[in-house]
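The file start.cif comes next; it holds mmCIF, C-alpha atoms and all ligand atoms.
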data_data
#
loop_
_atom_site.label_atom_id
_atom_site.label_comp_id
_atom_site.auth_asym_id
_atom_site.auth_seq_id
_atom_site.Cartn_x
_atom_site.Cartn_y
_atom_site.Cartn_z
CA MET A 1379 97.00 122.71 72.72
CA ALA A 1380 99.55 120.43 71.02
CA ALA A 1381 100.77 121.77 67.70
CA ARG A 1382 99.59 120.16 64.49
CA LEU A 1383 102.77 121.38 62.80
CA SER A 1384 105.94 122.28 64.67
CA LEU A 1385 109.17 123.56 63.13
CA GLY A 1386 112.28 123.63 65.28
CA ASP A 1387 115.41 125.40 64.05
CA VAL A 1388 114.86 124.33 60.44
CA SER A 1389 117.90 125.13 58.31
CA LEU A 1390 118.57 124.52 54.64
CA HIS A 1391 121.76 125.06 52.68
CA PHE A 1392 122.46 124.44 49.02
CA GLY A 1393 126.25 124.12 48.80
CA GLY A 1394 127.48 127.22 50.56
CA VAL A 1395 124.22 129.12 50.08
CA MET A 1396 122.06 129.52 53.18
CA VAL A 1397 118.36 129.37 52.20
CA LEU A 1398 116.80 128.85 55.65
CA GLU A 1399 118.36 129.44 59.04
CA ASP A 1400 116.91 128.24 62.37
CA VAL A 1401 113.25 128.77 61.50
CA THR A 1402 111.04 127.92 64.48
CA PHE A 1403 107.26 128.20 64.85
CA ASP A 1404 104.19 126.13 65.73
CA VAL A 1405 100.78 125.91 64.08
CA GLU A 1406 97.95 124.76 66.33
CA PRO A 1407 95.03 122.68 65.00
CA GLY A 1408 92.37 124.71 63.20
CA VAL A 1409 94.61 127.73 62.65
CA ILE A 1410 95.22 129.43 59.29
CA LEU A 1411 98.79 130.68 59.31
CA GLY A 1412 100.18 132.97 56.61
CA LEU A 1413 103.81 132.61 55.59
CA VAL A 1414 104.88 135.87 53.99
CA GLY A 1415 108.05 137.68 53.02
CA PRO A 1416 109.80 139.27 50.05
CA ASN A 1417 110.74 137.32 46.91
CA GLY A 1418 113.47 134.80 47.65
CA ALA A 1419 112.86 134.87 51.42
CA GLY A 1420 112.64 131.07 51.52
CA LYS A 1421 108.88 130.49 51.79
CA THR A 1422 108.57 127.81 49.11
CA SER A 1423 111.79 126.17 50.31
CA LEU A 1424 110.28 125.94 53.80
CA PHE A 1425 107.12 124.37 52.32
CA ASN A 1426 109.35 121.89 50.50
CA CYS A 1427 111.03 121.01 53.83
CA ILE A 1428 107.60 120.37 55.42
CA SER A 1429 106.19 118.35 52.51
CA GLY A 1430 109.26 116.13 52.12
CA HIS A 1431 110.37 117.56 48.75
CA TYR A 1432 113.53 118.93 50.42
CA LYS A 1433 115.42 117.43 53.35
CA PRO A 1434 116.46 120.21 55.75
CA SER A 1435 120.17 120.46 56.56
CA GLY A 1436 119.20 120.69 60.23
CA GLY A 1437 116.32 121.02 62.66
CA SER A 1438 113.04 119.19 63.07
CA VAL A 1439 109.60 119.16 61.46
CA THR A 1440 106.87 117.37 63.39
CA ILE A 1441 103.25 116.75 62.39
CA ASP A 1442 101.05 115.86 65.37
CA GLY A 1443 104.23 115.23 67.35
CA ILE A 1444 105.76 112.81 64.82
CA GLU A 1445 109.13 113.69 63.29
CA VAL A 1446 108.72 113.75 59.50
CA VAL A 1447 112.14 114.94 58.28
CA GLY A 1448 113.30 112.39 55.71
CA THR A 1449 109.77 111.08 55.03
CA ALA A 1450 108.81 110.88 51.35
CA PRO A 1451 106.00 113.16 50.11
CA SER A 1452 103.82 110.13 49.23
CA SER A 1453 104.06 108.82 52.82
CA LEU A 1454 103.25 112.27 54.22
CA ALA A 1455 100.03 112.27 52.20
CA ARG A 1456 99.02 109.18 54.15
CA HIS A 1457 99.69 111.16 57.35
CA GLY A 1458 97.15 113.83 56.38
CA LEU A 1459 99.36 116.34 54.54
CA ALA A 1460 98.32 117.84 51.20
CA ARG A 1461 99.74 120.78 49.32
CA THR A 1462 99.38 122.87 46.22
CA PHE A 1463 102.23 124.35 44.21
CA GLN A 1464 103.08 127.85 43.03
CA HIS A 1465 102.80 126.49 39.47
CA PRO A 1466 100.00 123.89 39.49
CA ALA A 1467 101.43 120.40 39.01
CA LEU A 1468 98.70 118.78 36.88
CA GLN A 1469 98.69 115.95 34.36
CA LEU A 1470 97.76 118.11 31.42
CA ASP A 1471 96.70 115.31 29.07
CA ALA A 1472 94.39 113.77 31.71
CA THR A 1473 90.89 115.07 32.29
CA VAL A 1474 90.06 117.55 35.02
CA LEU A 1475 88.18 114.84 36.96
CA GLN A 1476 91.09 112.38 36.63
CA ASN A 1477 93.43 115.05 38.04
CA VAL A 1478 91.15 115.69 41.01
CA LEU A 1479 90.69 111.95 41.65
CA LEU A 1480 94.45 111.59 42.17
CA GLY A 1481 93.90 113.38 45.49
CA GLY A 1482 91.52 110.64 46.66
CA HIS A 1483 94.01 107.84 46.08
CA THR A 1484 95.23 107.83 49.69
CA ARG A 1485 91.64 107.31 50.92
CA LEU A 1486 91.06 104.05 49.06
CA PRO A 1487 90.92 101.11 51.49
CA GLY A 1488 93.38 98.25 51.09
CA GLY A 1489 96.44 98.32 48.85
CA PRO A 1490 97.52 97.74 45.25
CA VAL A 1491 96.41 94.08 45.28
CA SER A 1492 92.83 94.73 46.41
CA TRP A 1493 92.66 97.78 44.12
CA SER A 1494 93.60 95.67 41.08
CA LEU A 1495 91.08 92.98 42.08
CA ARG A 1496 88.41 95.69 42.21
CA LEU A 1497 86.65 94.11 45.17
CA PRO A 1498 83.15 95.42 46.03
CA HIS A 1499 84.36 97.61 48.91
CA THR A 1500 87.01 99.14 46.63
CA ARG A 1501 84.42 99.89 43.95
CA ARG A 1502 82.07 101.41 46.55
CA ALA A 1503 84.85 103.65 47.90
CA GLU A 1504 85.78 104.67 44.34
CA ARG A 1505 82.17 105.67 43.65
CA GLU A 1506 81.98 107.73 46.84
CA ILE A 1507 85.28 109.48 46.16
CA ARG A 1508 84.24 110.22 42.56
CA ALA A 1509 80.96 111.75 43.80
CA GLU A 1510 82.94 113.89 46.27
CA ALA A 1511 85.33 114.97 43.50
CA LEU A 1512 82.40 116.09 41.35
CA GLY A 1513 80.93 117.89 44.38
CA LEU A 1514 84.19 119.80 44.89
CA LEU A 1515 84.30 120.73 41.20
CA ARG A 1516 80.66 121.86 41.41
CA ARG A 1517 81.46 124.09 44.39
CA GLU A 1518 84.27 125.69 42.36
CA GLN A 1519 81.87 126.06 39.40
CA LEU A 1520 84.10 123.69 37.45
CA GLU A 1521 81.83 120.71 37.00
CA TRP A 1522 81.32 121.59 33.33
CA ALA A 1523 85.04 120.94 32.79
CA ALA A 1524 85.17 117.50 34.48
CA GLY A 1525 85.56 115.55 31.21
CA ARG A 1526 87.85 118.06 29.47
CA PRO A 1527 91.63 117.57 29.23
CA ALA A 1528 93.26 119.86 31.83
CA GLU A 1529 95.45 121.41 29.11
CA GLU A 1530 92.36 123.13 27.63
CA LEU A 1531 91.82 125.20 30.77
CA SER A 1532 93.33 128.49 31.90
CA HIS A 1533 95.94 129.05 34.62
CA GLY A 1534 93.26 130.31 37.04
CA LEU A 1535 91.18 127.18 36.54
CA HIS A 1536 94.28 124.98 36.97
CA LYS A 1537 94.66 126.55 40.42
CA GLY A 1538 91.06 125.61 41.23
CA ILE A 1539 91.56 122.04 40.00
CA GLU A 1540 94.69 121.65 42.10
CA LEU A 1541 92.86 122.92 45.17
CA CYS A 1542 90.04 120.40 44.57
CA ARG A 1543 92.64 117.63 44.26
CA ALA A 1544 94.25 118.65 47.57
CA LEU A 1545 90.86 118.88 49.33
CA LEU A 1546 89.73 115.47 48.07
CA ALA A 1547 92.50 113.96 50.20
CA LYS A 1548 90.64 115.36 53.26
CA PRO A 1549 93.93 116.67 54.67
CA ALA A 1550 94.44 117.50 58.33
CA LEU A 1551 97.23 119.87 57.26
CA LEU A 1552 97.01 121.78 53.98
CA LEU A 1553 99.87 123.81 52.52
CA LEU A 1554 98.84 126.36 49.88
CA ASP A 1555 101.69 127.91 47.88
CA GLU A 1556 100.59 131.23 46.38
CA PRO A 1557 97.00 130.12 45.64
CA ALA A 1558 96.03 133.63 44.48
CA ALA A 1559 98.95 134.18 42.07
CA GLY A 1560 97.69 135.02 38.59
CA LEU A 1561 94.01 135.03 39.63
CA SER A 1562 91.58 137.81 38.78
CA HIS A 1563 89.97 139.87 41.54
CA GLY A 1564 86.78 137.81 41.29
CA GLU A 1565 88.71 134.53 41.40
CA VAL A 1566 90.55 135.67 44.55
CA GLU A 1567 87.22 136.51 46.22
CA GLN A 1568 85.94 133.04 45.31
CA LEU A 1569 89.13 131.47 46.67
CA ILE A 1570 88.71 133.32 49.99
CA ASP A 1571 85.12 132.04 50.23
CA THR A 1572 86.23 128.48 49.48
CA ILE A 1573 88.97 128.50 52.12
CA ARG A 1574 86.58 130.00 54.70
CA ARG A 1575 83.99 127.33 53.94
CA VAL A 1576 86.56 124.52 54.12
CA ARG A 1577 87.76 125.76 57.47
CA ALA A 1578 84.21 125.96 58.82
CA GLU A 1579 83.31 122.47 57.61
CA GLU A 1580 86.52 120.45 58.09
CA ASP A 1581 88.95 119.72 60.89
CA ILE A 1582 91.79 121.35 58.98
CA THR A 1583 94.90 123.40 59.63
CA ILE A 1584 96.18 125.57 56.80
CA VAL A 1585 99.52 127.23 56.09
CA VAL A 1586 99.37 129.62 53.15
CA VAL A 1587 102.25 131.33 51.33
CA GLU A 1588 100.93 134.42 49.61
CA HIS A 1589 101.98 137.87 48.39
CA HIS A 1590 98.32 138.97 48.13
CA MET A 1591 97.97 140.86 51.42
CA GLY A 1592 94.18 141.16 50.97
CA LEU A 1593 93.90 137.38 51.10
CA ILE A 1594 96.35 137.15 54.02
CA SER A 1595 94.40 139.78 56.01
CA ALA A 1596 91.05 138.17 55.20
CA LEU A 1597 91.98 134.61 56.10
CA THR A 1598 94.85 134.25 58.53
CA ASP A 1599 94.86 134.11 62.32
CA ARG A 1600 98.58 134.77 62.39
CA VAL A 1601 101.48 135.30 60.06
CA VAL A 1602 105.14 134.40 60.13
CA VAL A 1603 107.35 136.77 58.17
CA LEU A 1604 110.49 135.36 56.59
CA ASP A 1605 113.36 137.44 55.26
CA HIS A 1606 116.63 136.08 53.88
CA GLY A 1607 115.76 132.65 55.25
CA ARG A 1608 115.19 133.81 58.82
CA LYS A 1609 112.02 134.42 60.80
CA LEU A 1610 111.67 138.17 61.11
CA MET A 1611 108.52 138.30 63.23
CA GLU A 1612 105.29 136.48 64.09
CA GLY A 1613 101.96 138.16 64.83
CA THR A 1614 98.69 139.15 63.22
CA ALA A 1615 98.60 140.35 59.61
CA ALA A 1616 97.89 143.88 60.87
CA GLN A 1617 100.87 143.78 63.25
CA ALA A 1618 103.11 142.55 60.43
CA GLN A 1619 101.99 145.30 58.05
CA SER A 1620 102.88 148.03 60.55
CA ASP A 1621 106.11 146.45 61.85
CA PRO A 1622 109.13 148.58 60.82
CA ARG A 1623 111.27 145.45 60.35
CA VAL A 1624 108.75 144.08 57.85
CA ILE A 1625 108.39 147.42 56.04
CA GLU A 1626 112.19 147.62 55.75
CA ALA A 1627 112.43 144.04 54.44
CA TYR A 1628 109.88 144.77 51.71
CA LEU A 1629 110.65 148.39 50.86
CA GLY A 1630 114.12 149.16 52.22
CA LYS A 1631 115.33 151.32 55.10
CA ASP A 1632 114.38 154.62 53.40
CA ALA A 1633 110.71 153.66 53.60
CA VAL A 1634 110.97 153.22 57.38
CA ASP A 1635 112.80 156.54 57.76
CA ASP A 1636 110.18 158.28 55.60
CA ALA A 1637 107.36 156.85 57.71
CA ALA A 1638 109.03 157.96 60.98
N1 LIG B 1701 116.99 123.77 44.59
C1 LIG B 1701 117.60 124.92 44.85
N2 LIG B 1701 118.93 125.08 44.63
C2 LIG B 1701 119.56 126.24 44.89
N3 LIG B 1701 118.96 127.33 45.43
C3 LIG B 1701 117.65 127.23 45.67
C4 LIG B 1701 116.91 126.04 45.41
N4 LIG B 1701 115.61 126.25 45.79
C5 LIG B 1701 115.56 127.52 46.25
N5 LIG B 1701 116.78 128.10 46.16
C6 LIG B 1701 117.11 129.48 46.56
O1 LIG B 1701 116.56 129.68 47.82
C7 LIG B 1701 116.14 131.03 47.97
C8 LIG B 1701 114.72 131.06 48.46
O2 LIG B 1701 113.87 130.65 47.39
P1 LIG B 1701 112.32 130.37 47.62
O3 LIG B 1701 111.74 130.01 46.29
O4 LIG B 1701 112.16 129.41 48.73
O5 LIG B 1701 111.82 131.81 48.07
P2 LIG B 1701 110.34 132.36 48.17
O6 LIG B 1701 110.27 133.14 49.43
O7 LIG B 1701 109.35 131.25 48.00
O8 LIG B 1701 110.29 133.34 46.92
P3 LIG B 1701 109.05 133.82 45.98
O9 LIG B 1701 108.15 134.64 46.84
O10 LIG B 1701 109.73 134.60 44.92
O11 LIG B 1701 108.40 132.57 45.45
C9 LIG B 1701 116.33 131.71 46.62
O12 LIG B 1701 117.53 132.45 46.66
C10 LIG B 1701 116.44 130.53 45.69
O13 LIG B 1701 117.24 130.83 44.58
#
Show me, as structure tokens, the structure contained in the file I just sent.
Amino acid sequence: MAARLSLGDVSLHFGGVMVLEDVTFDVEPGVILGLVGPNGAGKTSLFNCISGHYKPSGGSVTIDGIEVVGTAPSSLARHGLARTFQHPALQLDATVLQNVLLGGHTRLPGGPVSWSLRLPHTRRAEREIRAEALGLLRREQLEWAAGRPAEELSHGLHKGIELCRALLAKPALLLLDEPAAGLSHGEVEQLIDTIRRVRAEEDITIVVVEHHMGLISALTDRVVVLDHGRKLMEGTAAQAQSDPRVIEAYLGKDAVDDAA
């Protein structure tokens, strides 16, 4: 099956500092892939290379076979890519619903001229997208907050709002950057349920960066482990957790020797 996302020898340098070196892997349609590795391994930088926030120093990134290196994040959204951030990027003075609706912008028919004219088909699409946004908030048990300014809500709820915004775009490829960070146990369980349901209902491919190994084991088909900007291994979450190279990267060589 052709890859939805394909990375070929992606490298990234900042000045003389190597952040990513020749990272290569494919993600087939419908797969949930975990991107894991110790702090500073380069996971978020790799996400930024995929989503157009960074331009790799070398290598290729293709989505459905189309080279996207050098494409602006806003254009990638129109190609079916959505992402969340380690620290939710919300408009804090806007309401929760207004934040979520930003994700539906790419689905409005026409362009700025027809939007400003508010033609009937634009208004109809806006109504449908608004109803979907409220439905997503309801599913996350956040409908009560729709009219509240985002700044009144907690970090955990900001994560939920950002996920709703990404899902409203109906992405073909969704990048989740540490969606469980800072969430309570119950919130992580709810997040796992949401991602499972989305995968069952939508034609979606997901790449998730996460330190929460419970979430990675529960959700992913495969993981790629990064260490010092390089791909260390690729396999199932269980294979990664028992791989001596991965244990050494996380815990140091002594841990591997102790386990032997
Ligand atoms: N804009 C930048 N300029 C310089 N160095 C950067 C920049 N962005 C990232 N780095 C460096 O790249 C390396 C990888 O960082 P990155 O945030 O991608 O790692 P990570 O695996 O996501 O880490 P964590 O799990 O802690 O979030 C780090 O050493 C970081 O300091």
Distance query segment 1570-1580 of chain A at most 12 Å, all atoms listed in the file, self and fewer than 4 positions along chain excluded, as a PyMOL selection string:
chain A and resi 1407-1410+1514-1519+1538+1541-1542+1544-1554+1557-1558+1561+1563-1566+1584-1586+1590+1592-1599
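Atom CA of Asn1477 of chain A to atom CA of Ile1582 of chain A spans 21.9 Å [interatomic distance, one decimal].
Separating atom CA of Gly1607 of chain A from atom CA of Ala1419 of chain A is a distance of 5.3 Å.
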Env of Thr1449 of chain A: 10 Å cut, atoms = all atoms listed in the file, seq-sep filter 3 positions within chain, self excluded. Answer as a PyMOL selection string.
chain A and resi 1428-1433+1445-1446+1452-1454
Could the residues in this selection be saved with C-alpha atoms as a PDB file, keeping the file's coordinate frame?
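As a result, again_6.pdb now contains:
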ATOM      1  CA  ILE A1428     107.600 120.370  55.420  1.00  0.00           C
ATOM      2  CA  SER A1429     106.190 118.350  52.510  1.00  0.00           C
ATOM      3  CA  GLY A1430     109.260 116.130  52.120  1.00  0.00           C
ATOM      4  CA  HIS A1431     110.370 117.560  48.750  1.00  0.00           C
ATOM      5  CA  TYR A1432     113.530 118.930  50.420  1.00  0.00           C
ATOM      6  CA  LYS A1433     115.420 117.430  53.350  1.00  0.00           C
ATOM      7  CA  GLU A1445     109.130 113.690  63.290  1.00  0.00           C
ATOM      8  CA  VAL A1446     108.720 113.750  59.500  1.00  0.00           C
ATOM      9  CA  SER A1452     103.820 110.130  49.230  1.00  0.00           C
ATOM     10  CA  SER A1453     104.060 108.820  52.820  1.00  0.00           C
ATOM     11  CA  LEU A1454     103.250 112.270  54.220  1.00  0.00           C
TER      12      LEU A1454
END
Distance filter 9 Å around ligand LIG 1701 (chain B), atoms: all atoms listed in the file, out as a tab-separated table (two decimals) with C-alpha atoms, keeping the file's coordinate frame:
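File pocket.tsv, as written:
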chain	number	residue	atom	x	y	z
A	1390	LEU	CA	118.57	124.52	54.64
A	1391	HIS	CA	121.76	125.06	52.68
A	1392	PHE	CA	122.46	124.44	49.02
A	1393	GLY	CA	126.25	124.12	48.80
A	1395	VAL	CA	124.22	129.12	50.08
A	1396	MET	CA	122.06	129.52	53.18
A	1397	VAL	CA	118.36	129.37	52.20
A	1398	LEU	CA	116.80	128.85	55.65
A	1413	LEU	CA	103.81	132.61	55.59
A	1414	VAL	CA	104.88	135.87	53.99
A	1415	GLY	CA	108.05	137.68	53.02
A	1416	PRO	CA	109.80	139.27	50.05
A	1417	ASN	CA	110.74	137.32	46.91
A	1418	GLY	CA	113.47	134.80	47.65
A	1419	ALA	CA	112.86	134.87	51.42
A	1420	GLY	CA	112.64	131.07	51.52
A	1421	LYS	CA	108.88	130.49	51.79
A	1422	THR	CA	108.57	127.81	49.11
A	1423	SER	CA	111.79	126.17	50.31
A	1424	LEU	CA	110.28	125.94	53.80
A	1425	PHE	CA	107.12	124.37	52.32
A	1426	ASN	CA	109.35	121.89	50.50
A	1432	TYR	CA	113.53	118.93	50.42
A	1464	GLN	CA	103.08	127.85	43.03
A	1555	ASP	CA	101.69	127.91	47.88
A	1556	GLU	CA	100.59	131.23	46.38
A	1587	VAL	CA	102.25	131.33	51.33
A	1588	GLU	CA	100.93	134.42	49.61
A	1589	HIS	CA	101.98	137.87	48.39
A	1604	LEU	CA	110.49	135.36	56.59
A	1605	ASP	CA	113.36	137.44	55.26
A	1606	HIS	CA	116.63	136.08	53.88
A	1607	GLY	CA	115.76	132.65	55.25
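By chain and then residue number, the residues within 8 Å of Thr1473 of chain A are Asn1477, Ala1524, Gly1525, Arg1526, Pro1527 and Ala1528 of chain A, counting all atoms listed in the file and disregarding those fewer than 4 positions away in sequence.
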Might you pull out every residue within 10 Å of Arg1508 of chain A, with all atoms listed in the file counted and same-chain residues fewer than 5 positions away left off, and present them as a PDB file with C-alpha atoms, keeping the file's coordinate frame?
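Below is the file around.pdb, written as the result:
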ATOM      1  CA  LEU A1475      88.180 114.840  36.960  1.00  0.00           C
ATOM      2  CA  GLN A1476      91.090 112.380  36.630  1.00  0.00           C
ATOM      3  CA  VAL A1478      91.150 115.690  41.010  1.00  0.00           C
ATOM      4  CA  LEU A1479      90.690 111.950  41.650  1.00  0.00           C
ATOM      5  CA  GLY A1482      91.520 110.640  46.660  1.00  0.00           C
ATOM      6  CA  ARG A1502      82.070 101.410  46.550  1.00  0.00           C
ATOM      7  CA  ALA A1503      84.850 103.650  47.900  1.00  0.00           C
ATOM      8  CA  GLY A1513      80.930 117.890  44.380  1.00  0.00           C
ATOM      9  CA  LEU A1514      84.190 119.800  44.890  1.00  0.00           C
ATOM     10  CA  LEU A1546      89.730 115.470  48.070  1.00  0.00           C
TER      11      LEU A1546
END
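Interatomic distance, atom CA of Leu1470 of chain A against atom CA of Glu1530 of chain A: 8.3 Å.
For the set A:Cys1427, A:Phe1463, A:Ala1450, A:Pro1487, the residue with the smallest atom-to-atom gap to His1499 of chain A is A:Pro1487, counting only C-alpha atoms.
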What box, with edges along x, y and z, holds each listed atom of segment 1507-1510 of chain A when 6 Å is added on every side, and can you state its centre and edge lengths in Å to one decimal, as lines of an AutoDock Vina configuration file?
center_x = 83.1
center_y = 111.7
center_z = 44.4
size_x = 16.3
size_y = 16.4
size_z = 15.7
Write out as JSON, numbers by chain the residues lying within 12 Å of Arg1505 of chain A, counting all atoms listed in the file and excluding same-chain residues fewer than 5 positions away.
{"A": [1479, 1482, 1486, 1496, 1498, 1499, 1500, 1510, 1511, 1512]}
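Among the candidate residues A:Gln1617, A:Thr1462, A:Ala1472, A:Lys1537, the one lying nearest to Gly1560 of chain A is A:Lys1537, with distances computed using all atoms listed in the file.
With distances restricted to all atoms listed in the file, A:Val1603 is the closest residue to Leu1411 of chain A from A:Leu1531, A:Val1624, A:Leu1610, A:Val1603.
Among A:Asp1621, A:Glu1612, A:Glu1540, A:Glu1521, the residue with the shortest atom-to-atom distance to Thr1402 of chain A, counting all atoms listed in the file, is A:Glu1612.
Comparing the minimum interatomic distances between Gly1613 of chain A and each of A:Arg1485, A:Arg1382, A:Arg1600, A:Arg1543, counting all atoms listed in the file, we find that A:Arg1600 sits nearest.
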Judged by all atoms listed in the file, the minimum distance to Met1611 of chain A among A:Gly1386, A:Thr1583, A:Gly1412, A:Glu1406 is found for A:Gly1412
